[in-house]
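input_10.pdb (PDB, C-alpha atoms)
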```
ATOM      1  CA  MET A   1      -6.405  90.121  42.026  1.00  0.00           C
ATOM      2  CA  ARG A   2      -4.940  86.695  42.677  1.00  0.00           C
ATOM      3  CA  LYS A   3      -3.237  86.621  39.244  1.00  0.00           C
ATOM      4  CA  PHE A   4      -1.700  90.006  39.999  1.00  0.00           C
ATOM      5  CA  ARG A   5      -0.201  88.701  43.280  1.00  0.00           C
ATOM      6  CA  ILE A   6       1.176  85.601  41.578  1.00  0.00           C
ATOM      7  CA  THR A   7       2.685  87.726  38.808  1.00  0.00           C
ATOM      8  CA  LEU A   8       4.192  90.083  41.371  1.00  0.00           C
ATOM      9  CA  LEU A   9       5.614  87.140  43.313  1.00  0.00           C
ATOM     10  CA  LEU A  10       7.164  85.672  40.153  1.00  0.00           C
ATOM     11  CA  ILE A  11       8.743  89.010  39.298  1.00  0.00           C
ATOM     12  CA  ALA A  12      10.176  89.293  42.817  1.00  0.00           C
ATOM     13  CA  VAL A  13      11.608  85.765  42.686  1.00  0.00           C
ATOM     14  CA  THR A  14      13.134  86.456  39.265  1.00  0.00           C
ATOM     15  CA  ILE A  15      14.787  89.635  40.556  1.00  0.00           C
ATOM     16  CA  LEU A  16      16.062  87.753  43.597  1.00  0.00           C
ATOM     17  CA  PHE A  17      17.633  84.998  41.469  1.00  0.00           C
ATOM     18  CA  ALA A  18      19.165  87.566  39.094  1.00  0.00           C
ATOM     19  CA  ALA A  19      20.748  89.406  42.028  1.00  0.00           C
ATOM     20  CA  ALA A  20      22.076  86.162  43.495  1.00  0.00           C
ATOM     21  CA  ASN A  21      23.537  85.170  40.120  1.00  0.00           C
ATOM     22  CA  ASP A  22      25.380  88.514  39.865  1.00  0.00           C
ATOM     23  CA  ALA A  23      26.814  88.008  43.343  1.00  0.00           C
ATOM     24  CA  PHE A  24      28.271  84.625  42.391  1.00  0.00           C
ATOM     25  CA  ALA A  25      29.572  85.803  39.006  1.00  0.00           C
ATOM     26  CA  GLN A  26      32.167  88.138  40.533  1.00  0.00           C
ATOM     27  CA  LYS A  27      35.943  87.655  40.593  1.00  0.00           C
ATOM     28  CA  PRO A  28      37.302  84.183  41.239  1.00  0.00           C
ATOM     29  CA  VAL A  29      38.349  83.655  44.822  1.00  0.00           C
ATOM     30  CA  LYS A  30      42.037  82.984  45.378  1.00  0.00           C
ATOM     31  CA  ASP A  31      42.397  79.810  47.405  1.00  0.00           C
ATOM     32  CA  GLU A  32      45.476  80.528  49.499  1.00  0.00           C
ATOM     33  CA  SER A  33      45.210  77.270  51.462  1.00  0.00           C
ATOM     34  CA  LEU A  34      47.099  75.212  48.859  1.00  0.00           C
ATOM     35  CA  ARG A  35      50.036  77.586  48.426  1.00  0.00           C
ATOM     36  CA  LYS A  36      53.513  76.209  48.963  1.00  0.00           C
ATOM     37  CA  GLY A  37      54.952  79.566  50.009  1.00  0.00           C
ATOM     38  CA  GLU A  38      56.990  80.895  47.085  1.00  0.00           C
ATOM     39  CA  THR A  39      57.430  84.613  47.785  1.00  0.00           C
ATOM     40  CA  ARG A  40      59.975  85.624  45.141  1.00  0.00           C
ATOM     41  CA  THR A  41      58.656  87.559  42.143  1.00  0.00           C
ATOM     42  CA  THR A  42      58.618  85.999  38.698  1.00  0.00           C
ATOM     43  CA  LEU A  43      60.874  87.214  35.933  1.00  0.00           C
ATOM     44  CA  ASN A  44      59.560  89.898  33.619  1.00  0.00           C
ATOM     45  CA  PRO A  45      58.102  88.217  30.484  1.00  0.00           C
ATOM     46  CA  ASN A  46      59.630  90.967  28.326  1.00  0.00           C
ATOM     47  CA  LEU A  47      63.066  89.492  28.999  1.00  0.00           C
ATOM     48  CA  PHE A  48      62.113  86.814  26.469  1.00  0.00           C
ATOM     49  CA  ASN A  49      61.480  89.110  23.475  1.00  0.00           C
ATOM     50  CA  ASP A  50      64.591  87.870  21.681  1.00  0.00           C
ATOM     51  CA  SER A  51      63.899  86.547  18.190  1.00  0.00           C
ATOM     52  CA  LEU A  52      65.749  83.357  19.143  1.00  0.00           C
ATOM     53  CA  ALA A  53      63.407  82.681  22.057  1.00  0.00           C
ATOM     54  CA  ASP A  54      60.285  80.600  21.616  1.00  0.00           C
ATOM     55  CA  PRO A  55      57.226  82.911  21.965  1.00  0.00           C
ATOM     56  CA  ARG A  56      55.609  80.307  24.227  1.00  0.00           C
ATOM     57  CA  ILE A  57      58.271  81.017  26.844  1.00  0.00           C
ATOM     58  CA  LYS A  58      57.243  84.667  27.067  1.00  0.00           C
ATOM     59  CA  LYS A  59      53.581  83.629  27.292  1.00  0.00           C
ATOM     60  CA  ALA A  60      54.348  81.145  30.088  1.00  0.00           C
ATOM     61  CA  TYR A  61      56.158  83.794  32.131  1.00  0.00           C
ATOM     62  CA  GLN A  62      53.241  86.188  31.529  1.00  0.00           C
ATOM     63  CA  VAL A  63      50.790  83.612  32.877  1.00  0.00           C
ATOM     64  CA  ALA A  64      53.039  83.022  35.895  1.00  0.00           C
ATOM     65  CA  LYS A  65      52.982  86.761  36.597  1.00  0.00           C
ATOM     66  CA  GLU A  66      49.175  86.953  36.236  1.00  0.00           C
ATOM     67  CA  ILE A  67      48.192  83.930  38.372  1.00  0.00           C
ATOM     68  CA  PRO A  68      51.053  83.153  40.742  1.00  0.00           C
ATOM     69  CA  TRP A  69      48.754  81.703  43.411  1.00  0.00           C
ATOM     70  CA  VAL A  70      47.716  78.943  40.985  1.00  0.00           C
ATOM     71  CA  LEU A  71      51.268  77.961  40.020  1.00  0.00           C
ATOM     72  CA  ASP A  72      52.313  78.093  43.670  1.00  0.00           C
ATOM     73  CA  SER A  73      49.743  75.384  44.435  1.00  0.00           C
ATOM     74  CA  ILE A  74      50.987  72.972  41.761  1.00  0.00           C
ATOM     75  CA  TYR A  75      53.727  70.409  42.248  1.00  0.00           C
ATOM     76  CA  CYS A  76      56.596  70.811  39.804  1.00  0.00           C
ATOM     77  CA  TYR A  77      57.129  67.625  37.824  1.00  0.00           C
ATOM     78  CA  CYS A  78      60.643  68.507  36.678  1.00  0.00           C
ATOM     79  CA  MET A  79      61.686  67.251  40.115  1.00  0.00           C
ATOM     80  CA  CYS A  80      63.380  70.533  41.027  1.00  0.00           C
ATOM     81  CA  GLU A  81      61.652  70.418  44.408  1.00  0.00           C
ATOM     82  CA  GLU A  82      63.713  67.362  45.355  1.00  0.00           C
ATOM     83  CA  SER A  83      66.911  68.699  43.792  1.00  0.00           C
ATOM     84  CA  PRO A  84      69.545  69.922  46.264  1.00  0.00           C
ATOM     85  CA  THR A  85      70.545  72.517  43.665  1.00  0.00           C
ATOM     86  CA  PHE A  86      67.159  74.125  43.050  1.00  0.00           C
ATOM     87  CA  ARG A  87      65.048  73.339  46.153  1.00  0.00           C
ATOM     88  CA  HIS A  88      61.946  74.776  44.554  1.00  0.00           C
ATOM     89  CA  LYS A  89      58.779  75.065  46.614  1.00  0.00           C
ATOM     90  CA  SER A  90      56.319  74.718  43.720  1.00  0.00           C
ATOM     91  CA  LEU A  91      55.892  75.206  39.984  1.00  0.00           C
ATOM     92  CA  LEU A  92      55.984  78.970  40.571  1.00  0.00           C
ATOM     93  CA  SER A  93      59.600  78.652  41.707  1.00  0.00           C
ATOM     94  CA  CYS A  94      60.595  77.710  38.150  1.00  0.00           C
ATOM     95  CA  TYR A  95      59.489  81.165  36.996  1.00  0.00           C
ATOM     96  CA  VAL A  96      61.513  83.278  39.447  1.00  0.00           C
ATOM     97  CA  ASP A  97      64.597  82.586  37.339  1.00  0.00           C
ATOM     98  CA  ASN A  98      65.186  81.294  33.825  1.00  0.00           C
ATOM     99  CA  HIS A  99      64.659  77.663  34.852  1.00  0.00           C
ATOM    100  CA  ALA A 100      61.271  77.433  33.119  1.00  0.00           C
ATOM    101  CA  ALA A 101      62.819  78.733  29.878  1.00  0.00           C
ATOM    102  CA  MET A 102      65.374  75.917  29.680  1.00  0.00           C
TER
END
```

Show me the file's structure as structure tokens.
Amino acid sequence: MRKFRITLLLIAVTILFAAANDAFAQKPVKDESLRKGETRTTLNPNLFNDSLADPRIKKAYQVAKEIPWVLDSIYCYCMCEESPTFRHKSLLSCYVDNHAAM
């Protein structure tokens, strides 16, 4: 009888850990606390279908469209944030126009 209880307890613990693992394996949580506040939408990646355009440009704009909250939390190292011409808020700002394609 004691072995049965121990086996039952082990099964229950295994089910509990499996359920907890499924709960943590859901969608990634968007951390909005680091966002710089870019609200403009990114350019459509299909604008870069031209045979003269580098295919990596289209892919970069696609990524910017898929995960804008990540790019909006990254500092832009092309110094466009400090530029009086661009005044970008974050790396995401480079993708609201053709600046990232240049």

Could you list, as a list in words, every residue within 12 Å of A:Tyr77, counting all atoms listed in the file and ignoring same-chain residues fewer than 4 positions away?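 Once the nearby chain positions are removed, what remains is Glu81, Glu82, Ser83, His88, Lys89, Ser90, Leu91, Leu92, Ser93, Cys94 and Ala100 of chain A.
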
Keeping C-alpha atoms for every residue in the selection just given, could you write it to a file as a CSV table (one decimal), in the coordinates of the input?
```
chain,number,residue,atom,x,y,z
A,81,GLU,CA,61.7,70.4,44.4
A,82,GLU,CA,63.7,67.4,45.4
A,83,SER,CA,66.9,68.7,43.8
A,88,HIS,CA,61.9,74.8,44.6
A,89,LYS,CA,58.8,75.1,46.6
A,90,SER,CA,56.3,74.7,43.7
A,91,LEU,CA,55.9,75.2,40.0
A,92,LEU,CA,56.0,79.0,40.6
A,93,SER,CA,59.6,78.7,41.7
A,94,CYS,CA,60.6,77.7,38.2
A,100,ALA,CA,61.3,77.4,33.1
```

When the PyMOL selection byres ((chain A and resi 57-73) around 6) is applied to the file above, which residues end up in the set, as a PDB file with C-alpha atoms, keeping the file's coordinate frame?
```
ATOM      1  CA  LEU A  34      47.099  75.212  48.859  1.00  0.00           C
ATOM      2  CA  ARG A  35      50.036  77.586  48.426  1.00  0.00           C
ATOM      3  CA  LYS A  36      53.513  76.209  48.963  1.00  0.00           C
ATOM      4  CA  PRO A  45      58.102  88.217  30.484  1.00  0.00           C
ATOM      5  CA  PHE A  48      62.113  86.814  26.469  1.00  0.00           C
ATOM      6  CA  ASP A  54      60.285  80.600  21.616  1.00  0.00           C
ATOM      7  CA  PRO A  55      57.226  82.911  21.965  1.00  0.00           C
ATOM      8  CA  ARG A  56      55.609  80.307  24.227  1.00  0.00           C
ATOM      9  CA  ILE A  74      50.987  72.972  41.761  1.00  0.00           C
ATOM     10  CA  SER A  90      56.319  74.718  43.720  1.00  0.00           C
ATOM     11  CA  LEU A  91      55.892  75.206  39.984  1.00  0.00           C
ATOM     12  CA  LEU A  92      55.984  78.970  40.571  1.00  0.00           C
ATOM     13  CA  ALA A 101      62.819  78.733  29.878  1.00  0.00           C
TER      14      ALA A 101
END
```

One number please: atom CA of A:Cys80 to atom CA of A:His99, in Å, one decimal.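 Separating atom CA of A:Cys80 from atom CA of A:His99 is a distance of 9.5 Å.
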
Please define a box with edges along x, y and z of the file around all atoms of stretch 34-39 of chain A given in the file, extend it by 6 Å on each side, and return its centre and edge lengths in Å to one decimal, as lines of an AutoDock Vina configuration file.
```
center_x = 52.3
center_y = 79.9
center_z = 48.5
size_x = 22.3
size_y = 21.4
size_z = 14.9
```

Atomic separation - atom CA of A:Met79 relative to atom CA of A:Thr41, Å: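 Spanning atom CA of A:Thr41 to atom CA of A:Met79 is a straight-line distance of 20.6 Å.
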
Give me, please, the distance in Å between atom CA of A:Arg87 and atom CA of A:Ala53, quoted to one decimal.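 Taking atom CA of A:Arg87 as the start and atom CA of A:Ala53 as the end point, the length is 25.9 Å.
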
Around the point (62.7, 85.6, 36.5) (coordinates from the file), which residues reach within 7 Å if we count all atoms listed in the file? Answer as number ranges by chain. A: 42-44, 95-98
